[in-house]
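S.K.: Following this line is upload_28.cif, made up of mmCIF, C-alpha atoms:
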data_final
#
loop_
_atom_site.label_atom_id
_atom_site.label_comp_id
_atom_site.auth_asym_id
_atom_site.auth_seq_id
_atom_site.Cartn_x
_atom_site.Cartn_y
_atom_site.Cartn_z
CA MET G 1 0.00 0.00 0.00
CA THR G 2 1.44 3.36 -0.98
CA SER G 3 0.46 6.78 0.17
CA SER G 4 1.18 10.06 -1.49
CA ASP G 5 3.74 12.33 0.14
CA PRO G 6 1.79 15.16 1.84
CA THR G 7 4.91 17.33 1.80
CA ALA G 8 4.84 17.32 -2.02
CA ARG G 9 1.87 19.71 -1.90
CA PRO G 10 2.65 23.43 -1.64
CA ASP G 11 3.22 24.52 1.97
CA PRO G 12 0.68 27.27 2.80
CA TRP G 13 3.10 28.73 5.38
CA ARG G 14 6.07 28.94 3.00
CA PRO G 15 5.28 32.35 1.45
CA LEU G 16 4.97 33.91 4.92
CA HIS G 17 8.22 32.32 6.16
CA GLU G 18 10.02 33.41 2.99
CA LEU G 19 8.69 36.96 3.29
CA LEU G 20 9.78 37.26 6.93
CA ALA G 21 13.22 35.79 6.11
CA ALA G 22 13.63 38.25 3.22
CA MET G 23 12.67 41.20 5.44
CA ASP G 24 15.15 40.06 8.11
CA ALA G 25 17.84 39.71 5.42
CA GLU G 26 17.23 43.31 4.37
CA ILE G 27 17.54 44.51 7.97
CA GLU G 28 20.78 42.54 8.27
CA GLN G 29 22.04 44.32 5.12
CA ILE G 30 21.48 47.64 6.90
CA TYR G 31 23.67 46.39 9.76
CA LEU G 32 26.39 45.20 7.39
CA ALA G 33 26.37 48.49 5.46
CA ARG G 34 27.19 50.20 8.76
CA GLY G 35 30.00 47.76 9.55
CA ILE G 36 27.97 45.83 12.13
CA GLU G 37 28.87 42.19 11.59
CA GLY G 38 27.53 39.12 13.38
CA VAL G 39 24.32 40.84 14.50
CA ARG G 40 21.03 39.28 13.48
CA PRO G 41 17.75 41.21 13.50
CA ARG G 42 16.40 38.81 16.16
CA PHE G 43 19.11 40.10 18.54
CA ALA G 44 17.74 43.66 18.62
CA TYR G 45 14.79 42.98 20.96
CA PRO G 46 16.75 41.23 23.73
CA LEU G 47 19.72 43.60 23.47
CA ILE G 48 17.50 46.67 23.75
CA ARG G 49 15.56 45.11 26.62
CA LEU G 50 18.76 44.25 28.54
CA ALA G 51 19.98 47.81 28.05
CA HIS G 52 16.85 49.07 29.80
CA THR G 53 16.49 46.41 32.52
CA GLY G 54 20.06 45.47 33.36
CA PRO G 55 21.07 41.84 33.82
CA LEU G 56 18.30 39.23 33.69
CA THR G 57 18.16 35.47 33.87
CA ILE G 58 17.21 33.72 30.65
CA GLY G 59 13.79 32.98 32.15
CA GLU G 60 13.24 36.61 33.13
CA LEU G 61 14.37 37.79 29.70
CA ALA G 62 12.12 35.26 27.95
CA GLU G 63 9.13 36.36 30.02
CA SER G 64 9.80 40.05 29.40
CA LEU G 65 10.03 39.42 25.64
CA GLY G 66 7.05 37.08 25.47
CA ARG G 67 9.25 34.34 24.01
CA SER G 68 9.90 30.75 25.04
CA HIS G 69 12.80 29.93 27.35
CA SER G 70 14.23 27.65 24.66
CA ALA G 71 14.12 30.31 21.93
CA VAL G 72 15.73 32.94 24.16
CA SER G 73 18.36 30.46 25.33
CA GLN G 74 19.32 29.78 21.70
CA THR G 75 19.38 33.50 20.89
CA VAL G 76 21.50 34.24 23.96
CA ALA G 77 23.98 31.52 22.94
CA ALA G 78 24.24 33.09 19.47
CA MET G 79 24.65 36.59 20.96
CA ARG G 80 27.34 35.29 23.34
CA ARG G 81 29.29 33.86 20.35
CA GLU G 82 29.20 37.36 18.81
CA ASN G 83 30.46 38.98 22.05
CA LEU G 84 27.21 40.90 22.58
CA VAL G 85 26.27 39.46 25.98
CA THR G 86 27.88 37.72 28.92
CA SER G 87 26.44 34.85 30.86
CA GLU G 88 27.28 34.48 34.54
CA PRO G 89 25.94 32.08 37.17
CA GLY G 90 22.68 33.36 38.62
CA PRO G 91 21.32 33.31 42.16
CA ASP G 92 21.16 29.51 42.08
CA ALA G 93 22.95 26.79 40.15
CA ARG G 94 20.11 26.40 37.63
CA THR G 95 20.07 29.98 36.33
CA ARG G 96 22.40 32.23 34.35
CA ARG G 97 22.33 36.04 34.40
CA ILE G 98 22.67 37.67 31.02
CA ASP G 99 24.20 41.13 30.64
CA LEU G 100 25.47 43.27 27.78
CA THR G 101 29.12 43.36 26.84
CA GLU G 102 30.70 46.68 25.92
CA ARG G 103 30.12 45.80 22.25
CA GLY G 104 26.46 45.03 22.93
CA ARG G 105 26.02 48.25 24.87
CA GLU G 106 27.62 50.31 22.07
CA LEU G 107 25.18 48.88 19.50
CA VAL G 108 22.00 49.64 21.44
CA PRO G 109 21.51 53.27 20.29
CA PHE G 110 21.67 52.17 16.64
CA LEU G 111 19.46 49.14 17.31
CA GLU G 112 16.87 51.38 18.99
CA ALA G 113 16.91 53.71 15.97
CA GLU G 114 16.58 50.73 13.60
CA TRP G 115 13.73 49.32 15.76
CA ARG G 116 11.81 52.60 15.49
CA ALA G 117 12.50 52.86 11.75
CA THR G 118 11.37 49.26 11.19
CA HIS G 119 8.13 49.90 13.08
CA ALA G 120 7.53 53.02 10.97
CA ALA G 121 8.17 51.00 7.79
CA VAL G 122 5.71 48.30 8.91
CA THR G 123 3.09 50.97 9.65
CA GLU G 124 3.73 52.39 6.18
CA LEU G 125 3.31 48.92 4.64
CA ASP G 126 0.08 48.36 6.57
CA ALA G 127 -1.31 51.60 5.11
CA GLU G 128 -0.13 50.70 1.60
CA ILE G 129 -1.82 47.33 1.24
CA PRO G 130 -5.58 46.81 1.00
CA TYR G 131 -5.73 44.48 4.01
CA ALA G 132 -3.18 45.40 6.68
CA LEU G 133 -1.08 42.63 8.20
CA SER G 134 -2.01 43.84 11.68
CA THR G 135 -5.67 43.37 10.71
CA VAL G 136 -4.97 39.90 9.31
CA VAL G 137 -3.29 38.89 12.58
CA ALA G 138 -6.17 40.28 14.68
CA ASP G 139 -8.72 38.51 12.47
CA LEU G 140 -6.80 35.22 12.70
CA ARG G 141 -6.65 35.52 16.50
CA ARG G 142 -10.42 36.05 16.68
CA ALA G 143 -11.04 33.07 14.40
CA LEU G 144 -8.75 30.90 16.55
CA GLU G 145 -10.56 32.05 19.70
CA ARG G 146 -13.79 30.79 18.14
CA ARG G 147 -12.19 27.44 17.27
CA ALA G 148 -8.62 26.62 18.30
CA MET G 149 -6.00 25.49 15.81
CA ARG G 150 -5.73 22.18 17.68
CA GLN G 151 -9.42 21.54 17.15
CA ARG G 152 -9.24 22.54 13.52
CA ILE G 153 -6.39 20.07 12.95
CA LEU G 154 -8.20 17.33 14.83
CA ASP G 155 -11.29 17.91 12.67
CA HIS G 156 -9.17 17.12 9.59
CA LEU G 157 -6.94 14.43 11.07
CA ARG G 158 -7.49 11.01 9.56
CA GLU G 159 -5.08 8.62 11.23
CA PRO G 160 -3.98 5.55 9.29
CA PRO G 161 -5.31 2.20 10.48
CA ARG G 162 -3.02 0.28 12.80
#
Take the structure from the file and write it as structure tokens.
M.R.:
Amino acid sequence: MTSSDPTARPDPWRPLHELLAAMDAEIEQIYLARGIEGVRPRFAYPLIRLAHTGPLTIGELAESLGRSHSAVSQTVAAMRRENLVTSEPGPDARTRRIDLTERGRELVPFLEAEWRATHAAVTELDAEIPYALSTVVADLRRALERRAMRQRILDHLREPPR
């Protein structure tokens, strides 16, 4: 018995992932044009936050950013490799306190300016298209409140016989 490969069908998420990756690549080009190497757009949020809060544990940073512990831990590891943050033992053996290095601190004013400019560009894009992305997101959230994604998937899930 053969089954067709479901991954051979076009991925409905792919255009969104590609668009976000392309936008991030353009932001990274802005950094490179200013001689800022090794800095990814995803670093801006935690670096700016640390500049305003001072040292935080990974858990505290994740909570303040609304991100998962795992995602922030991976981002912190990448930022540490680029000498943007330090990681010291926290108040107990299970935690690490994250702080900015001198390099990280020096980049924050530019990253804040880029953050503001990016938000202005997104607002401009929202006004330029007939159905703003912020509206799409709000509409999707309302639809998912009416019926959760889990339930929607379960409604379509046809498990193979055992």
S.K.: Name the residues that the PyMOL selection byres ((chain G and resi 43-60) around 9) picks from the file above, as a count of residues only, using the file's chain letters and numbers.
M.R.: 36
S.K.: Could you tell me, as a PDB file with C-alpha atoms, keeping the file's coordinate frame, exactly which residues end up selected when the PyMOL selection byres ((chain G and resi 30) around 12) is applied to this structure?
M.R.:
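Final output, saved to part_28.pdb:
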ATOM      1  CA  MET G  23      12.670  41.200   5.440  1.00  0.00           C
ATOM      2  CA  ASP G  24      15.150  40.060   8.110  1.00  0.00           C
ATOM      3  CA  ALA G  25      17.840  39.710   5.420  1.00  0.00           C
ATOM      4  CA  GLU G  26      17.230  43.310   4.370  1.00  0.00           C
ATOM      5  CA  ILE G  27      17.540  44.510   7.970  1.00  0.00           C
ATOM      6  CA  GLU G  28      20.780  42.540   8.270  1.00  0.00           C
ATOM      7  CA  GLN G  29      22.040  44.320   5.120  1.00  0.00           C
ATOM      8  CA  TYR G  31      23.670  46.390   9.760  1.00  0.00           C
ATOM      9  CA  LEU G  32      26.390  45.200   7.390  1.00  0.00           C
ATOM     10  CA  ALA G  33      26.370  48.490   5.460  1.00  0.00           C
ATOM     11  CA  ARG G  34      27.190  50.200   8.760  1.00  0.00           C
ATOM     12  CA  GLY G  35      30.000  47.760   9.550  1.00  0.00           C
ATOM     13  CA  ILE G  36      27.970  45.830  12.130  1.00  0.00           C
ATOM     14  CA  GLU G  37      28.870  42.190  11.590  1.00  0.00           C
ATOM     15  CA  VAL G  39      24.320  40.840  14.500  1.00  0.00           C
ATOM     16  CA  ARG G  40      21.030  39.280  13.480  1.00  0.00           C
ATOM     17  CA  PRO G  41      17.750  41.210  13.500  1.00  0.00           C
ATOM     18  CA  PHE G 110      21.670  52.170  16.640  1.00  0.00           C
ATOM     19  CA  LEU G 111      19.460  49.140  17.310  1.00  0.00           C
ATOM     20  CA  ALA G 113      16.910  53.710  15.970  1.00  0.00           C
ATOM     21  CA  GLU G 114      16.580  50.730  13.600  1.00  0.00           C
ATOM     22  CA  TRP G 115      13.730  49.320  15.760  1.00  0.00           C
ATOM     23  CA  ALA G 117      12.500  52.860  11.750  1.00  0.00           C
ATOM     24  CA  THR G 118      11.370  49.260  11.190  1.00  0.00           C
TER      25      THR G 118
END
S.K.: Have a look at atom CA of G:Val136 and atom CA of G:Gln74 and let me know their distance in Å, one decimal.
M.R.: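 It comes out at 29.1 Å.
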S.K.: Do you have the atom CA of G:Ala71-atom CA of G:Pro15 distance handy?
M.R.: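 About the pair atom CA of G:Ala71 and atom CA of G:Pro15: they are 22.4 Å apart.
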